[in-house]
Amino acid sequence: MPSNSPSTDWQSSYIHANGIRHHYLEWGDPDAPPLLMLHATGLCAWPWKPIARRLSAKYRVLAFDQRGHGDTDPSDKGYRFEYAGEDLAAIVGAMELESPRVVGHSSGGLATIIAANLLPDRFGPVVLVETRVSNDAPTAPTQDLNRRAERTRMKRPIWETRQAMFEAYRTRAAFKDWQDEPYQQFIEGGTRLLPDGRAELKCHPETEATFYGMRDDLEIRRYLENLAGDWLLLLADYPGCQRINDTGIQQFQQLVHGAEIKPMGKGSHFLPMEHPSDVLAAIEPWFDCKIAAP
């Protein structure tokens, strides 16, 4: 498998919160303002590395594996987005983080919305990347979460080698446009090597599928009604994506008074892995012009 990653500029750590052990990667000065990064369902913290490395010039960047993903413990009570939100709130409390900025991709953004309800006025500015902020029905069959759950349960959990997985996944629709480094990091960080050398997905397909199946049961509006602070939602451009004139997006702007929407005009649901420089170009100046809550 190709490897062109820079020398290690991060450290791996754990924190106990909400009854489980959470794994995270950390960059930057420990005394700098904290910035949390949360991945999408089925991924892990590692693909954030290209963006985290840049943000660490100004922030203490902490990229977490969500429960049942990466090296964070599995859940003994099932998988719901509410639990992911409880986890994030517990982590912020356990680490005594003051006004952390957050970048949440997809379900990582949902976890942040829920956590912000549990800890009012505790979070600084938040960037949501491709987070579905309504319960509107999808406009394209590929976005149907029940179908996605069915397909996910058919995923192969163990591969003969990481190289075999690397080659098999590289041309799949979800990964074909990823840049090389985040793709490689997904393969390395998202699998564990078994004693016989085979590579096993750290996020079991059933865990990923369970999250997808729970999404339509999440009453997102009730969480949006209580949100305060500064929120930026980045939208990609693909069939079935959220668009600025959608009813759900308009509701989000009406309910969340500090919300801003930025259509990126490119990319799929995996926008941060396909266009990390463009995502950075949206994140950095927006954070610079916002003052975190005291």
# chains A, B, ... in the order shown; residues from 1 in each chain; ligands from 1
>>> residues_around(residues="Val92 (chain A)", least_positions_apart="4", cutoff="12 Å", atoms="only C-alpha atoms", output="ChimeraX atom specification")
/A:15-18,22,34-36,62,64,85-88,96-102,112,115-116,118-119,122-124
>>> write_last_selection(atoms="N, CA, C and O atoms", output="compact mmCIF listing (two decimals), in the first residue's frame")
# COMPACT_ATOMS: atom_id res chain seq x y z
N ILE A 15 -9.50 8.85 26.80
CA ILE A 15 -10.18 9.51 27.91
C ILE A 15 -11.41 8.67 28.26
O ILE A 15 -12.13 8.23 27.37
N HIS A 16 -11.63 8.43 29.55
CA HIS A 16 -12.83 7.73 29.99
C HIS A 16 -13.95 8.74 30.20
O HIS A 16 -13.78 9.72 30.94
N ALA A 17 -15.09 8.51 29.56
CA ALA A 17 -16.24 9.41 29.69
C ALA A 17 -17.50 8.66 29.30
O ALA A 17 -17.49 7.85 28.37
N ASN A 18 -18.58 8.93 30.01
CA ASN A 18 -19.88 8.31 29.72
C ASN A 18 -19.80 6.79 29.73
O ASN A 18 -20.47 6.11 28.95
N HIS A 22 -12.68 6.47 25.28
CA HIS A 22 -12.69 7.13 23.98
C HIS A 22 -11.26 7.38 23.50
O HIS A 22 -10.42 7.89 24.26
N PRO A 34 -8.92 24.85 22.32
CA PRO A 34 -9.27 23.51 21.83
C PRO A 34 -10.18 23.54 20.61
O PRO A 34 -11.07 24.38 20.50
N LEU A 35 -9.94 22.60 19.71
CA LEU A 35 -10.78 22.41 18.52
C LEU A 35 -11.00 20.91 18.37
O LEU A 35 -10.04 20.15 18.24
N LEU A 36 -12.26 20.50 18.40
CA LEU A 36 -12.61 19.09 18.32
C LEU A 36 -13.04 18.73 16.90
O LEU A 36 -13.71 19.52 16.24
N LEU A 62 -8.15 18.03 18.62
CA LEU A 62 -8.46 16.72 19.19
C LEU A 62 -9.47 16.04 18.26
O LEU A 62 -10.62 16.48 18.16
N PHE A 64 -11.61 12.75 17.51
CA PHE A 64 -12.10 11.60 18.27
C PHE A 64 -12.65 10.50 17.38
O PHE A 64 -13.25 10.76 16.34
N GLY A 85 -24.00 11.99 21.12
CA GLY A 85 -24.06 13.33 21.68
C GLY A 85 -23.73 13.34 23.16
O GLY A 85 -23.01 14.22 23.66
N GLU A 86 -24.25 12.34 23.90
CA GLU A 86 -23.92 12.22 25.32
C GLU A 86 -22.42 12.01 25.51
O GLU A 86 -21.82 12.55 26.44
N ASP A 87 -21.83 11.21 24.63
CA ASP A 87 -20.39 10.98 24.70
C ASP A 87 -19.61 12.28 24.58
O ASP A 87 -18.70 12.56 25.37
N LEU A 88 -19.97 13.08 23.57
CA LEU A 88 -19.24 14.32 23.35
C LEU A 88 -19.40 15.26 24.54
O LEU A 88 -18.41 15.86 24.99
N GLU A 96 -12.47 19.04 30.78
CA GLU A 96 -12.59 20.43 31.23
C GLU A 96 -12.23 21.41 30.11
O GLU A 96 -11.49 22.37 30.30
N LEU A 97 -12.81 21.16 28.94
CA LEU A 97 -12.55 22.00 27.77
C LEU A 97 -13.45 23.23 27.81
O LEU A 97 -14.66 23.11 27.99
N GLU A 98 -12.86 24.37 27.64
CA GLU A 98 -13.61 25.62 27.68
C GLU A 98 -13.86 26.14 26.27
O GLU A 98 -12.93 26.34 25.49
N SER A 99 -15.12 26.32 25.93
CA SER A 99 -15.55 26.88 24.65
C SER A 99 -14.85 26.26 23.45
O SER A 99 -14.30 26.95 22.60
N PRO A 100 -14.83 24.92 23.37
CA PRO A 100 -14.15 24.30 22.24
C PRO A 100 -14.84 24.62 20.92
O PRO A 100 -16.07 24.60 20.83
N ARG A 101 -14.06 24.91 19.91
CA ARG A 101 -14.58 24.94 18.55
C ARG A 101 -14.73 23.50 18.10
O ARG A 101 -14.05 22.61 18.61
N VAL A 102 -15.64 23.27 17.15
CA VAL A 102 -15.89 21.90 16.69
C VAL A 102 -16.04 21.89 15.18
O VAL A 102 -16.65 22.80 14.60
N THR A 112 -22.63 16.77 17.76
CA THR A 112 -22.33 18.09 18.30
C THR A 112 -23.60 18.86 18.61
O THR A 112 -23.70 19.53 19.65
N ALA A 115 -24.95 17.37 21.80
CA ALA A 115 -24.11 17.74 22.94
C ALA A 115 -24.31 19.20 23.33
O ALA A 115 -24.29 19.55 24.52
N ALA A 116 -24.51 20.06 22.34
CA ALA A 116 -24.71 21.48 22.62
C ALA A 116 -26.02 21.73 23.36
O ALA A 116 -26.16 22.71 24.09
N LEU A 118 -27.13 19.48 25.58
CA LEU A 118 -26.84 18.98 26.92
C LEU A 118 -25.95 19.94 27.71
O LEU A 118 -26.03 19.98 28.95
N LEU A 119 -25.12 20.69 27.00
CA LEU A 119 -24.21 21.65 27.64
C LEU A 119 -24.44 23.03 27.03
O LEU A 119 -23.62 23.53 26.26
N ARG A 122 -21.70 26.09 26.31
CA ARG A 122 -20.38 25.53 26.60
C ARG A 122 -19.49 25.49 25.36
O ARG A 122 -18.27 25.52 25.46
N PHE A 123 -20.11 25.43 24.17
CA PHE A 123 -19.34 25.26 22.95
C PHE A 123 -19.05 26.61 22.29
O PHE A 123 -19.85 27.55 22.37
N GLY A 124 -17.90 26.67 21.63
CA GLY A 124 -17.58 27.81 20.80
C GLY A 124 -18.20 27.63 19.42
O GLY A 124 -19.16 26.86 19.24
>>> select_by_dssp(residues="region 18-213 of chain A", states="strand (DSSP E or B)", output="PyMOL selection string")
chain A and resi 20-27+34-38+60-64+101-105+126-129+158-159+191-193+199-201
>>> closest_residue(among="A:Met264, A:Ile283, A:Met154, A:Ile187", to="Ala168 (chain A)", atoms="only C-alpha atoms")
A:Ile187
>>> residues_around(residues="region 221-226 of chain A", least_positions_apart="2", cutoff="9 Å", atoms="only C-alpha atoms", output="JSON, numbers by chain")
{"A": [113, 114, 116, 117, 120, 133, 134, 135, 218, 219, 228, 251, 252, 255, 256]}
>>> write_last_selection(atoms="all heavy atoms", output="CSV table (one decimal), in the first residue's frame")
chain,number,residue,atom,x,y,z
A,113,ILE,N,-24.6,18.8,17.7
A,113,ILE,CA,-25.9,19.4,18.0
A,113,ILE,C,-26.5,18.9,19.3
A,113,ILE,O,-27.0,19.7,20.1
A,113,ILE,CB,-26.8,19.2,16.8
A,113,ILE,CG1,-26.3,20.0,15.6
A,113,ILE,CG2,-28.2,19.6,17.1
A,113,ILE,CD1,-27.0,19.7,14.3
A,114,ILE,N,-26.5,17.6,19.5
A,114,ILE,CA,-27.1,17.0,20.7
A,114,ILE,C,-26.3,17.4,21.9
A,114,ILE,O,-26.8,17.8,22.9
A,114,ILE,CB,-27.2,15.5,20.5
A,114,ILE,CG1,-28.1,15.1,19.4
A,114,ILE,CG2,-27.6,14.8,21.8
A,114,ILE,CD1,-28.0,13.7,18.9
A,116,ALA,N,-24.5,20.1,22.3
A,116,ALA,CA,-24.7,21.5,22.6
A,116,ALA,C,-26.0,21.7,23.4
A,116,ALA,O,-26.2,22.7,24.1
A,116,ALA,CB,-24.7,22.3,21.3
A,117,ASN,N,-27.0,20.8,23.2
A,117,ASN,CA,-28.2,20.9,24.0
A,117,ASN,C,-28.0,20.5,25.4
A,117,ASN,O,-28.6,21.0,26.3
A,117,ASN,CB,-29.3,20.0,23.3
A,117,ASN,CG,-30.1,20.7,22.2
A,117,ASN,OD1,-31.2,21.2,22.5
A,117,ASN,ND2,-29.5,20.8,21.1
A,120,PRO,N,-25.5,23.7,27.4
A,120,PRO,CA,-25.8,25.0,26.8
A,120,PRO,C,-24.7,26.0,27.1
A,120,PRO,O,-24.2,26.0,28.2
A,120,PRO,CB,-27.1,25.4,27.4
A,120,PRO,CG,-27.7,24.1,27.9
A,120,PRO,CD,-26.6,23.2,28.3
A,133,VAL,N,-29.6,18.2,8.5
A,133,VAL,CA,-30.2,19.0,9.6
A,133,VAL,C,-31.7,19.0,9.6
A,133,VAL,O,-32.3,19.8,10.3
A,133,VAL,CB,-29.7,20.5,9.6
A,133,VAL,CG1,-28.2,20.5,9.9
A,133,VAL,CG2,-30.0,21.1,8.3
A,134,SER,N,-32.3,18.0,8.9
A,134,SER,CA,-33.8,17.9,9.0
A,134,SER,C,-34.1,16.4,8.8
A,134,SER,O,-33.3,15.5,8.5
A,134,SER,CB,-34.4,18.7,7.9
A,134,SER,OG,-34.2,18.1,6.6
A,135,ASN,N,-35.4,16.1,8.9
A,135,ASN,CA,-35.9,14.7,8.7
A,135,ASN,C,-36.6,14.6,7.3
A,135,ASN,O,-37.4,13.7,7.1
A,135,ASN,CB,-36.9,14.3,9.8
A,135,ASN,CG,-36.1,14.0,11.1
A,135,ASN,OD1,-36.0,14.9,11.9
A,135,ASN,ND2,-35.6,12.8,11.2
A,218,LEU,N,-34.4,10.0,14.8
A,218,LEU,CA,-33.9,11.2,15.5
A,218,LEU,C,-34.7,12.4,15.2
A,218,LEU,O,-34.8,12.9,14.1
A,218,LEU,CB,-32.4,11.4,15.1
A,218,LEU,CG,-31.7,12.6,15.8
A,218,LEU,CD1,-31.5,12.3,17.3
A,218,LEU,CD2,-30.4,12.9,15.2
A,219,GLU,N,-35.3,13.0,16.2
A,219,GLU,CA,-36.2,14.1,16.1
A,219,GLU,C,-35.3,15.4,16.1
A,219,GLU,O,-35.1,16.0,17.1
A,219,GLU,CB,-37.2,14.2,17.2
A,219,GLU,CG,-38.2,13.0,17.1
A,219,GLU,CD,-39.3,13.1,18.2
A,219,GLU,OE1,-39.4,14.2,18.8
A,219,GLU,OE2,-39.9,12.1,18.5
A,228,ALA,N,-27.9,27.7,20.4
A,228,ALA,CA,-27.4,29.1,20.4
A,228,ALA,C,-26.0,29.1,19.9
A,228,ALA,O,-25.4,28.0,19.7
A,228,ALA,CB,-27.5,29.7,21.8
A,251,GLN,N,-35.5,25.8,7.5
A,251,GLN,CA,-35.9,25.6,8.9
A,251,GLN,C,-34.7,25.7,9.8
A,251,GLN,O,-34.8,26.3,10.9
A,251,GLN,CB,-36.6,24.2,9.1
A,251,GLN,CG,-36.9,23.8,10.5
A,251,GLN,CD,-37.4,22.4,10.6
A,251,GLN,OE1,-38.6,22.2,10.5
A,251,GLN,NE2,-36.5,21.4,10.8
A,252,PHE,N,-33.6,25.1,9.4
A,252,PHE,CA,-32.4,25.2,10.2
A,252,PHE,C,-32.0,26.7,10.5
A,252,PHE,O,-31.7,27.1,11.6
A,252,PHE,CB,-31.3,24.5,9.5
A,252,PHE,CG,-29.9,24.6,10.1
A,252,PHE,CD1,-29.7,24.0,11.4
A,252,PHE,CD2,-28.9,25.2,9.5
A,252,PHE,CE1,-28.4,24.0,12.0
A,252,PHE,CE2,-27.6,25.3,10.1
A,252,PHE,CZ,-27.4,24.7,11.3
A,255,LEU,N,-34.5,28.3,12.9
A,255,LEU,CA,-34.5,27.9,14.3
A,255,LEU,C,-33.1,28.2,15.0
A,255,LEU,O,-33.1,28.5,16.2
A,255,LEU,CB,-34.7,26.4,14.4
A,255,LEU,CG,-36.1,25.9,14.0
A,255,LEU,CD1,-36.1,24.3,14.0
A,255,LEU,CD2,-37.1,26.4,14.9
A,256,VAL,N,-32.1,28.2,14.2
A,256,VAL,CA,-30.7,28.5,14.8
A,256,VAL,C,-30.3,29.9,14.3
A,256,VAL,O,-29.8,30.1,13.2
A,256,VAL,CB,-29.7,27.4,14.3
A,256,VAL,CG1,-28.4,27.6,15.0
A,256,VAL,CG2,-30.3,26.0,14.6
>>> atom_distance(atom1="CA of His204 (chain A)", atom2="CA of Leu271 (chain A)")
23.1 Å
>>> atom_distance(atom1="CA of Met214 (chain A)", atom2="CA of Gly190 (chain A)")
22.1 Å
>>> closest_residue(among="A:Ser277, A:Thr247, A:Thr41, A:Gln253", to="Gln179 (chain A)", atoms="only C-alpha atoms")
A:Ser277
